[in-house]
$ cat start_27.pdb   # PDB, C-alpha atoms, pLDDT in the B column
ATOM      1  CA  PHE A   1     -11.563 -32.393 -39.512  1.00 90.00           C
ATOM      2  CA  CYS A   2     -13.560 -34.705 -41.738  1.00 90.00           C
ATOM      3  CA  PRO A   3     -16.154 -37.472 -41.611  1.00 89.00           C
ATOM      4  CA  LYS A   4     -14.976 -41.060 -41.476  1.00 87.00           C
ATOM      5  CA  TYR A   5     -13.811 -42.340 -44.869  1.00 83.00           C
ATOM      6  CA  ARG A   6     -13.959 -38.675 -46.067  1.00 82.00           C
ATOM      7  CA  ARG A   7     -17.527 -39.291 -47.155  1.00 78.00           C
ATOM      8  CA  GLY A   8     -19.239 -36.269 -48.710  1.00 80.00           C
ATOM      9  CA  SER A   9     -22.047 -36.164 -46.179  1.00 84.00           C
ATOM     10  CA  LEU A  10     -21.735 -32.520 -45.079  1.00 90.00           C
ATOM     11  CA  VAL A  11     -24.201 -31.043 -47.553  1.00 89.00           C
ATOM     12  CA  ASP A  12     -27.520 -29.209 -47.505  1.00 91.00           C
ATOM     13  CA  LYS A  13     -29.490 -29.675 -44.267  1.00 95.00           C
ATOM     14  CA  VAL A  14     -26.713 -31.704 -42.640  1.00 94.00           C
ATOM     15  CA  SER A  15     -24.220 -28.884 -43.160  1.00 94.00           C
ATOM     16  CA  ASP A  16     -26.677 -26.278 -41.883  1.00 96.00           C
ATOM     17  CA  ARG A  17     -27.510 -28.318 -38.802  1.00 97.00           C
ATOM     18  CA  LEU A  18     -23.840 -29.070 -38.131  1.00 97.00           C
ATOM     19  CA  LYS A  19     -23.128 -25.332 -38.022  1.00 97.00           C
ATOM     20  CA  GLU A  20     -26.052 -24.734 -35.646  1.00 98.00           C
ATOM     21  CA  ILE A  21     -24.866 -27.481 -33.300  1.00 98.00           C
ATOM     22  CA  CYS A  22     -21.297 -26.148 -33.350  1.00 98.00           C
ATOM     23  CA  ASN A  23     -22.517 -22.696 -32.341  1.00 98.00           C
ATOM     24  CA  GLU A  24     -24.601 -24.210 -29.523  1.00 98.00           C
ATOM     25  CA  ILE A  25     -21.548 -26.133 -28.278  1.00 97.00           C
ATOM     26  CA  ALA A  26     -19.411 -22.991 -28.390  1.00 96.00           C
ATOM     27  CA  THR A  27     -21.942 -21.175 -26.224  1.00 96.00           C
ATOM     28  CA  THR A  28     -22.175 -24.058 -23.758  1.00 95.00           C
ATOM     29  CA  TYR A  29     -18.414 -24.553 -23.459  1.00 94.00           C
ATOM     30  CA  ASP A  30     -17.566 -20.832 -23.546  1.00 93.00           C
ATOM     31  CA  PHE A  31     -15.413 -20.553 -26.650  1.00 95.00           C
ATOM     32  CA  GLU A  32     -15.929 -18.523 -29.802  1.00 95.00           C
ATOM     33  CA  ILE A  33     -16.286 -19.753 -33.360  1.00 96.00           C
ATOM     34  CA  ILE A  34     -15.009 -16.826 -35.392  1.00 92.00           C
ATOM     35  CA  GLU A  35     -15.525 -18.481 -38.767  1.00 92.00           C
ATOM     36  CA  MET A  36     -16.882 -21.845 -39.931  1.00 94.00           C
ATOM     37  CA  GLU A  37     -17.589 -23.496 -43.272  1.00 92.00           C
ATOM     38  CA  THR A  38     -18.062 -26.990 -44.650  1.00 92.00           C
ATOM     39  CA  ASN A  39     -16.959 -28.437 -47.972  1.00 89.00           C
ATOM     40  CA  LYS A  40     -18.849 -31.745 -48.428  1.00 87.00           C
ATOM     41  CA  ASN A  41     -16.182 -33.883 -46.783  1.00 90.00           C
ATOM     42  CA  HIS A  42     -14.666 -31.624 -44.111  1.00 91.00           C
ATOM     43  CA  ILE A  43     -15.292 -28.646 -41.855  1.00 94.00           C
ATOM     44  CA  HIS A  44     -13.043 -25.682 -41.181  1.00 92.00           C
ATOM     45  CA  LEU A  45     -13.380 -23.824 -37.889  1.00 94.00           C
ATOM     46  CA  LEU A  46     -11.579 -20.715 -36.697  1.00 92.00           C
ATOM     47  CA  ILE A  47     -11.876 -20.910 -32.917  1.00 94.00           C
ATOM     48  CA  SER A  48     -10.821 -18.631 -30.102  1.00 91.00           C
ATOM     49  CA  CYS A  49     -10.686 -20.404 -26.759  1.00 92.00           C
ATOM     50  CA  ASN A  50      -9.246 -20.040 -23.300  1.00 87.00           C
ATOM     51  CA  PRO A  51      -5.800 -21.696 -23.313  1.00 84.00           C
ATOM     52  CA  ARG A  52      -6.659 -23.419 -20.027  1.00 85.00           C
ATOM     53  CA  PHE A  53      -9.571 -25.199 -21.698  1.00 86.00           C
ATOM     54  CA  GLY A  54      -7.499 -25.990 -24.776  1.00 90.00           C
ATOM     55  CA  ILE A  55      -8.298 -26.271 -28.443  1.00 92.00           C
ATOM     56  CA  MET A  56      -8.426 -30.071 -28.403  1.00 92.00           C
ATOM     57  CA  SER A  57     -11.100 -29.934 -25.704  1.00 94.00           C
ATOM     58  CA  CYS A  58     -13.148 -27.774 -28.075  1.00 95.00           C
ATOM     59  CA  VAL A  59     -12.573 -30.179 -30.970  1.00 95.00           C
ATOM     60  CA  THR A  60     -13.405 -33.214 -28.825  1.00 95.00           C
ATOM     61  CA  ALA A  61     -16.656 -31.640 -27.624  1.00 96.00           C
ATOM     62  CA  ILE A  62     -17.634 -30.650 -31.157  1.00 97.00           C
ATOM     63  CA  LYS A  63     -16.868 -34.050 -32.667  1.00 96.00           C
ATOM     64  CA  SER A  64     -18.617 -35.986 -29.918  1.00 96.00           C
ATOM     65  CA  ILE A  65     -21.798 -33.940 -29.649  1.00 97.00           C
ATOM     66  CA  THR A  66     -22.240 -33.332 -33.377  1.00 97.00           C
ATOM     67  CA  ALA A  67     -21.796 -37.029 -34.183  1.00 95.00           C
ATOM     68  CA  LYS A  68     -24.485 -38.116 -31.730  1.00 95.00           C
ATOM     69  CA  THR A  69     -26.881 -35.384 -32.799  1.00 97.00           C
ATOM     70  CA  LEU A  70     -26.414 -35.793 -36.550  1.00 95.00           C
ATOM     71  CA  PHE A  71     -26.801 -39.581 -36.404  1.00 93.00           C
ATOM     72  CA  LYS A  72     -30.001 -39.116 -34.421  1.00 94.00           C
ATOM     73  CA  GLU A  73     -31.465 -36.403 -36.660  1.00 96.00           C
ATOM     74  CA  PHE A  74     -30.247 -37.826 -39.993  1.00 93.00           C
ATOM     75  CA  PRO A  75     -30.239 -41.620 -39.597  1.00 91.00           C
ATOM     76  CA  TYR A  76     -29.665 -42.148 -43.324  1.00 88.00           C
ATOM     77  CA  ILE A  77     -26.097 -40.879 -42.860  1.00 88.00           C
ATOM     78  CA  LYS A  78     -25.141 -43.956 -40.867  1.00 84.00           C
ATOM     79  CA  LYS A  79     -26.893 -46.289 -43.303  1.00 82.00           C
ATOM     80  CA  ASN A  80     -25.683 -44.723 -46.566  1.00 80.00           C
ATOM     81  CA  TYR A  81     -22.316 -43.183 -45.722  1.00 76.00           C
ATOM     82  CA  LEU A  82     -20.874 -44.258 -42.388  1.00 76.00           C
ATOM     83  CA  TRP A  83     -21.701 -47.876 -41.718  1.00 73.00           C
ATOM     84  CA  GLY A  84     -18.901 -48.258 -39.140  1.00 70.00           C
ATOM     85  CA  GLY A  85     -20.776 -46.328 -36.463  1.00 79.00           C
ATOM     86  CA  LYS A  86     -18.340 -43.418 -36.242  1.00 88.00           C
ATOM     87  CA  PHE A  87     -19.165 -40.047 -37.752  1.00 91.00           C
ATOM     88  CA  TRP A  88     -15.791 -38.310 -37.616  1.00 91.00           C
ATOM     89  CA  SER A  89     -12.362 -39.605 -38.520  1.00 91.00           C
ATOM     90  CA  ARG A  90      -9.906 -39.903 -35.631  1.00 90.00           C
ATOM     91  CA  SER A  91      -7.706 -37.112 -36.953  1.00 89.00           C
ATOM     92  CA  SER A  92      -7.935 -33.330 -36.730  1.00 89.00           C
ATOM     93  CA  PHE A  93      -5.660 -30.597 -37.965  1.00 85.00           C
ATOM     94  CA  VAL A  94      -4.991 -27.726 -35.584  1.00 86.00           C
ATOM     95  CA  SER A  95      -2.829 -24.709 -36.260  1.00 77.00           C
ATOM     96  CA  THR A  96      -2.403 -21.343 -34.648  1.00 76.00           C
ATOM     97  CA  VAL A  97      -2.933 -18.145 -36.567  1.00 75.00           C
ATOM     98  CA  GLY A  98       0.242 -16.150 -36.512  1.00 70.00           C
ATOM     99  CA  SER A  99       2.154 -16.347 -39.771  1.00 68.00           C
ATOM    100  CA  VAL A 100      -0.778 -14.820 -41.693  1.00 74.00           C
ATOM    101  CA  SER A 101      -3.415 -12.323 -40.716  1.00 79.00           C
ATOM    102  CA  LEU A 102      -6.636 -13.358 -39.036  1.00 79.00           C
ATOM    103  CA  GLU A 103      -8.497 -11.775 -41.965  1.00 80.00           C
ATOM    104  CA  THR A 104      -6.675 -14.044 -44.446  1.00 82.00           C
ATOM    105  CA  VAL A 105      -7.686 -17.152 -42.514  1.00 82.00           C
ATOM    106  CA  LYS A 106     -11.295 -15.953 -42.248  1.00 81.00           C
ATOM    107  CA  LYS A 107     -11.474 -15.400 -46.020  1.00 82.00           C
ATOM    108  CA  TYR A 108      -9.999 -18.841 -46.686  1.00 82.00           C
ATOM    109  CA  ILE A 109     -12.642 -20.489 -44.500  1.00 81.00           C
ATOM    110  CA  GLU A 110     -15.469 -18.388 -45.968  1.00 80.00           C
ATOM    111  CA  ASN A 111     -14.542 -19.632 -49.458  1.00 78.00           C
ATOM    112  CA  GLN A 112     -14.769 -23.334 -48.601  1.00 77.00           C
ATOM    113  CA  GLY A 113     -17.417 -25.137 -50.580  1.00 66.00           C
ATOM    114  CA  LYS A 114     -17.554 -22.492 -53.297  1.00 64.00           C
TER     115      LYS A 114
END
$ encode --input "start_27.pdb" --output "structure tokens"
Amino acid sequence: FCPKYRRGSLVDKVSDRLKEICNEIATTYDFEIIEMETNKNHIHLLISCNPRFGIMSCVTAIKSITAKTLFKEFPYIKKNYLWGGKFWSRSSFVSTVGSVSLETVKKYIENQGK
């Protein structure tokens, strides 16, 4: 998923902190982030979760908590990039891993931002 207006705000300390927060959320909500990488205007996550909890519950938790935390810790983001008050766009792309190997998906995500 990506920030509102696809603004390139996921760089440097913001990107690092976003990854830390995502890992904290995964621990709290009991799902696993297998791979994660940002590329200025979006984040890729390879997540393993309990089907009863559901992938969209993971995405919703991540988007909600990261938005609040990043706006609080990096107030310039709201002022310079996201004046509408929302951090993330409404959309997300979710796909299952099955037609390619897990290793292929991990390598794709690792190479984001390079």
$ resolve_selection --input "start_27.pdb" --expression "the PyMOL selection byres ((chain A and resi 93-110) around 12)" --output "ChimeraX atom specification"
/A:1-2,33-39,42-49,51,54-59,89-92,111-114
$ atom_distance --input "start_27.pdb" --atom1 "CA of Tyr29 in chain A" --atom2 "CA of Phe87 in chain A"
21.1 Å
$ closest_residue --input "start_27.pdb" --among "A:Ile65, A:Ile77, A:Phe71, A:Trp83" --to "Glu24 in chain A" --atoms "all atoms listed in the file"
A:Ile65
$ atom_distance --input "start_27.pdb" --atom1 "CA of Tyr81 in chain A" --atom2 "CA of Arg7 in chain A"
6.3 Å
$ resolve_selection --input "start_27.pdb" --expression "the PyMOL selection byres ((chain A and resi 15-21) around 9)" --output "list in words"
Ser9, Leu10, Val11, Asp12, Lys13, Val14, Cys22, Asn23, Glu24, Ile25, Ala26, Met36, Glu37, Thr38, Asn39, Lys40, Ile62, Ile65, Thr66, Thr69 and Leu70 of chain A
$ atom_distance --input "start_27.pdb" --atom1 "CA of Asn41 in chain A" --atom2 "CA of Pro3 in chain A"
6.3 Å
$ closest_residue --input "start_27.pdb" --among "A:Arg6, A:Pro75, A:Asn80, A:Trp88" --to "Lys63 in chain A" --atoms "only C-alpha atoms"
A:Trp88
$ closest_residue --input "start_27.pdb" --among "A:Ala67, A:Phe74, A:Thr28, A:Arg52" --to "Lys86 in chain A" --atoms "only C-alpha atoms"
A:Ala67
$ axis_aligned_box --input "start_27.pdb" --around "range 66-85 of chain A" --padding-each-side "4 Å" --output "AutoDock Vina command-line options"
--center_x -25.2 --center_y -40.8 --center_z -39.1 --size_x 20.6 --size_y 22.9 --size_z 22.8
$ closest_residue --input "start_27.pdb" --among "A:Gly85, A:Tyr5, A:Asp30, A:Phe53" --to "Lys68 in chain A" --atoms "all atoms listed in the file"
A:Gly85
$ decode --input "start_27.pdb" --residues "range 7-41 of chain A" --atoms "N, CA, C and O atoms" --output "CSV table (one decimal), in the first residue's frame"
chain,number,residue,atom,x,y,z
A,7,ARG,N,2.7,10.2,-2.3
A,7,ARG,CA,3.9,11.1,-1.9
A,7,ARG,C,5.1,10.3,-1.5
A,7,ARG,O,4.9,9.2,-0.9
A,8,GLY,N,6.2,10.7,-1.9
A,8,GLY,CA,7.5,10.0,-1.6
A,8,GLY,C,8.0,10.3,-0.2
A,8,GLY,O,9.1,10.7,0.0
A,9,SER,N,7.2,10.0,0.8
A,9,SER,CA,7.6,10.3,2.2
A,9,SER,C,8.2,9.2,2.9
A,9,SER,O,8.6,9.4,4.1
A,10,LEU,N,8.3,8.0,2.3
A,10,LEU,CA,8.9,6.8,3.1
A,10,LEU,C,10.4,6.7,2.8
A,10,LEU,O,10.8,5.8,2.2
A,11,VAL,N,11.1,7.7,3.3
A,11,VAL,CA,12.6,7.7,3.1
A,11,VAL,C,13.3,7.9,4.5
A,11,VAL,O,12.7,8.3,5.4
A,12,ASP,N,14.5,7.5,4.5
A,12,ASP,CA,15.4,7.7,5.6
A,12,ASP,C,14.8,7.3,6.9
A,12,ASP,O,14.4,6.1,7.1
A,13,LYS,N,14.8,8.2,7.9
A,13,LYS,CA,14.3,7.9,9.3
A,13,LYS,C,12.8,7.4,9.3
A,13,LYS,O,12.4,6.6,10.1
A,14,VAL,N,12.0,8.0,8.4
A,14,VAL,CA,10.6,7.6,8.3
A,14,VAL,C,10.5,6.2,7.9
A,14,VAL,O,9.7,5.4,8.5
A,15,SER,N,11.2,5.8,6.9
A,15,SER,CA,11.2,4.4,6.5
A,15,SER,C,11.7,3.4,7.6
A,15,SER,O,11.0,2.4,7.8
A,16,ASP,N,12.7,3.8,8.2
A,16,ASP,CA,13.3,2.9,9.3
A,16,ASP,C,12.3,2.8,10.4
A,16,ASP,O,12.0,1.7,10.9
A,17,ARG,N,11.7,3.9,10.8
A,17,ARG,CA,10.7,3.9,11.9
A,17,ARG,C,9.4,3.1,11.5
A,17,ARG,O,8.9,2.4,12.3
A,18,LEU,N,9.0,3.3,10.3
A,18,LEU,CA,7.8,2.5,9.8
A,18,LEU,C,8.1,1.0,9.9
A,18,LEU,O,7.2,0.3,10.4
A,19,LYS,N,9.2,0.6,9.6
A,19,LYS,CA,9.6,-0.9,9.7
A,19,LYS,C,9.6,-1.3,11.1
A,19,LYS,O,9.0,-2.4,11.5
A,20,GLU,N,10.1,-0.5,12.0
A,20,GLU,CA,10.1,-0.8,13.5
A,20,GLU,C,8.7,-0.9,14.0
A,20,GLU,O,8.3,-1.9,14.7
A,21,ILE,N,7.8,0.0,13.6
A,21,ILE,CA,6.4,0.0,14.1
A,21,ILE,C,5.7,-1.2,13.5
A,21,ILE,O,5.0,-1.9,14.3
A,22,CYS,N,5.9,-1.5,12.3
A,22,CYS,CA,5.3,-2.7,11.7
A,22,CYS,C,5.7,-4.0,12.4
A,22,CYS,O,4.8,-4.8,12.7
A,23,ASN,N,6.9,-4.1,12.8
A,23,ASN,CA,7.3,-5.3,13.5
A,23,ASN,C,6.7,-5.3,14.9
A,23,ASN,O,6.3,-6.4,15.4
A,24,GLU,N,6.6,-4.2,15.6
A,24,GLU,CA,5.9,-4.1,16.9
A,24,GLU,C,4.4,-4.5,16.8
A,24,GLU,O,3.9,-5.3,17.6
A,25,ILE,N,3.8,-4.1,15.7
A,25,ILE,CA,2.4,-4.4,15.5
A,25,ILE,C,2.2,-5.9,15.3
A,25,ILE,O,1.3,-6.6,15.8
A,26,ALA,N,3.1,-6.5,14.5
A,26,ALA,CA,3.1,-7.9,14.2
A,26,ALA,C,3.2,-8.7,15.5
A,26,ALA,O,2.5,-9.7,15.7
A,27,THR,N,4.1,-8.3,16.4
A,27,THR,CA,4.2,-9.0,17.6
A,27,THR,C,3.0,-8.9,18.5
A,27,THR,O,2.5,-9.8,19.0
A,28,THR,N,2.4,-7.7,18.5
A,28,THR,CA,1.2,-7.4,19.3
A,28,THR,C,0.0,-8.2,18.8
A,28,THR,O,-0.7,-8.8,19.6
A,29,TYR,N,-0.1,-8.3,17.5
A,29,TYR,CA,-1.3,-8.9,16.9
A,29,TYR,C,-1.1,-10.3,16.5
A,29,TYR,O,-1.9,-11.0,15.8
A,30,ASP,N,0.1,-10.9,16.8
A,30,ASP,CA,0.4,-12.3,16.6
A,30,ASP,C,0.4,-12.7,15.1
A,30,ASP,O,-0.3,-13.6,14.7
A,31,PHE,N,1.1,-11.9,14.2
A,31,PHE,CA,1.3,-12.4,12.9
A,31,PHE,C,2.7,-12.2,12.6
A,31,PHE,O,3.5,-11.5,13.3
A,32,GLU,N,3.2,-12.7,11.5
A,32,GLU,CA,4.6,-12.7,11.1
A,32,GLU,C,4.9,-11.9,9.9
A,32,GLU,O,4.2,-12.1,8.9
A,33,ILE,N,5.8,-10.9,9.9
A,33,ILE,CA,6.2,-10.2,8.7
A,33,ILE,C,7.5,-11.0,8.3
A,33,ILE,O,8.5,-10.9,8.9
A,34,ILE,N,7.4,-11.7,7.2
A,34,ILE,CA,8.5,-12.5,6.6
A,34,ILE,C,9.5,-11.6,5.9
A,34,ILE,O,10.7,-11.8,6.0
A,35,GLU,N,9.0,-10.6,5.2
A,35,GLU,CA,9.8,-9.7,4.4
A,35,GLU,C,9.1,-8.3,4.4
A,35,GLU,O,7.9,-8.3,4.3
A,36,MET,N,9.9,-7.3,4.3
A,36,MET,CA,9.3,-5.9,4.3
A,36,MET,C,10.3,-5.0,3.7
A,36,MET,O,11.5,-5.0,4.0
A,37,GLU,N,9.9,-4.1,2.8
A,37,GLU,CA,10.7,-3.0,2.2
A,37,GLU,C,9.9,-1.9,1.7
A,37,GLU,O,8.8,-2.1,1.3
A,38,THR,N,10.5,-0.7,1.8
A,38,THR,CA,9.8,0.5,1.3
A,38,THR,C,10.5,1.0,0.0
A,38,THR,O,11.7,0.6,-0.2
A,39,ASN,N,9.8,1.8,-0.8
A,39,ASN,CA,10.3,2.3,-2.0
A,39,ASN,C,9.8,3.7,-2.1
A,39,ASN,O,8.9,4.0,-3.0
A,40,LYS,N,10.1,4.6,-1.3
A,40,LYS,CA,9.7,6.1,-1.3
A,40,LYS,C,8.2,6.3,-1.2
A,40,LYS,O,7.8,7.0,-0.3
A,41,ASN,N,7.5,5.7,-2.1
A,41,ASN,CA,6.0,6.0,-2.1
A,41,ASN,C,5.1,4.7,-1.9
A,41,ASN,O,4.0,4.7,-2.2
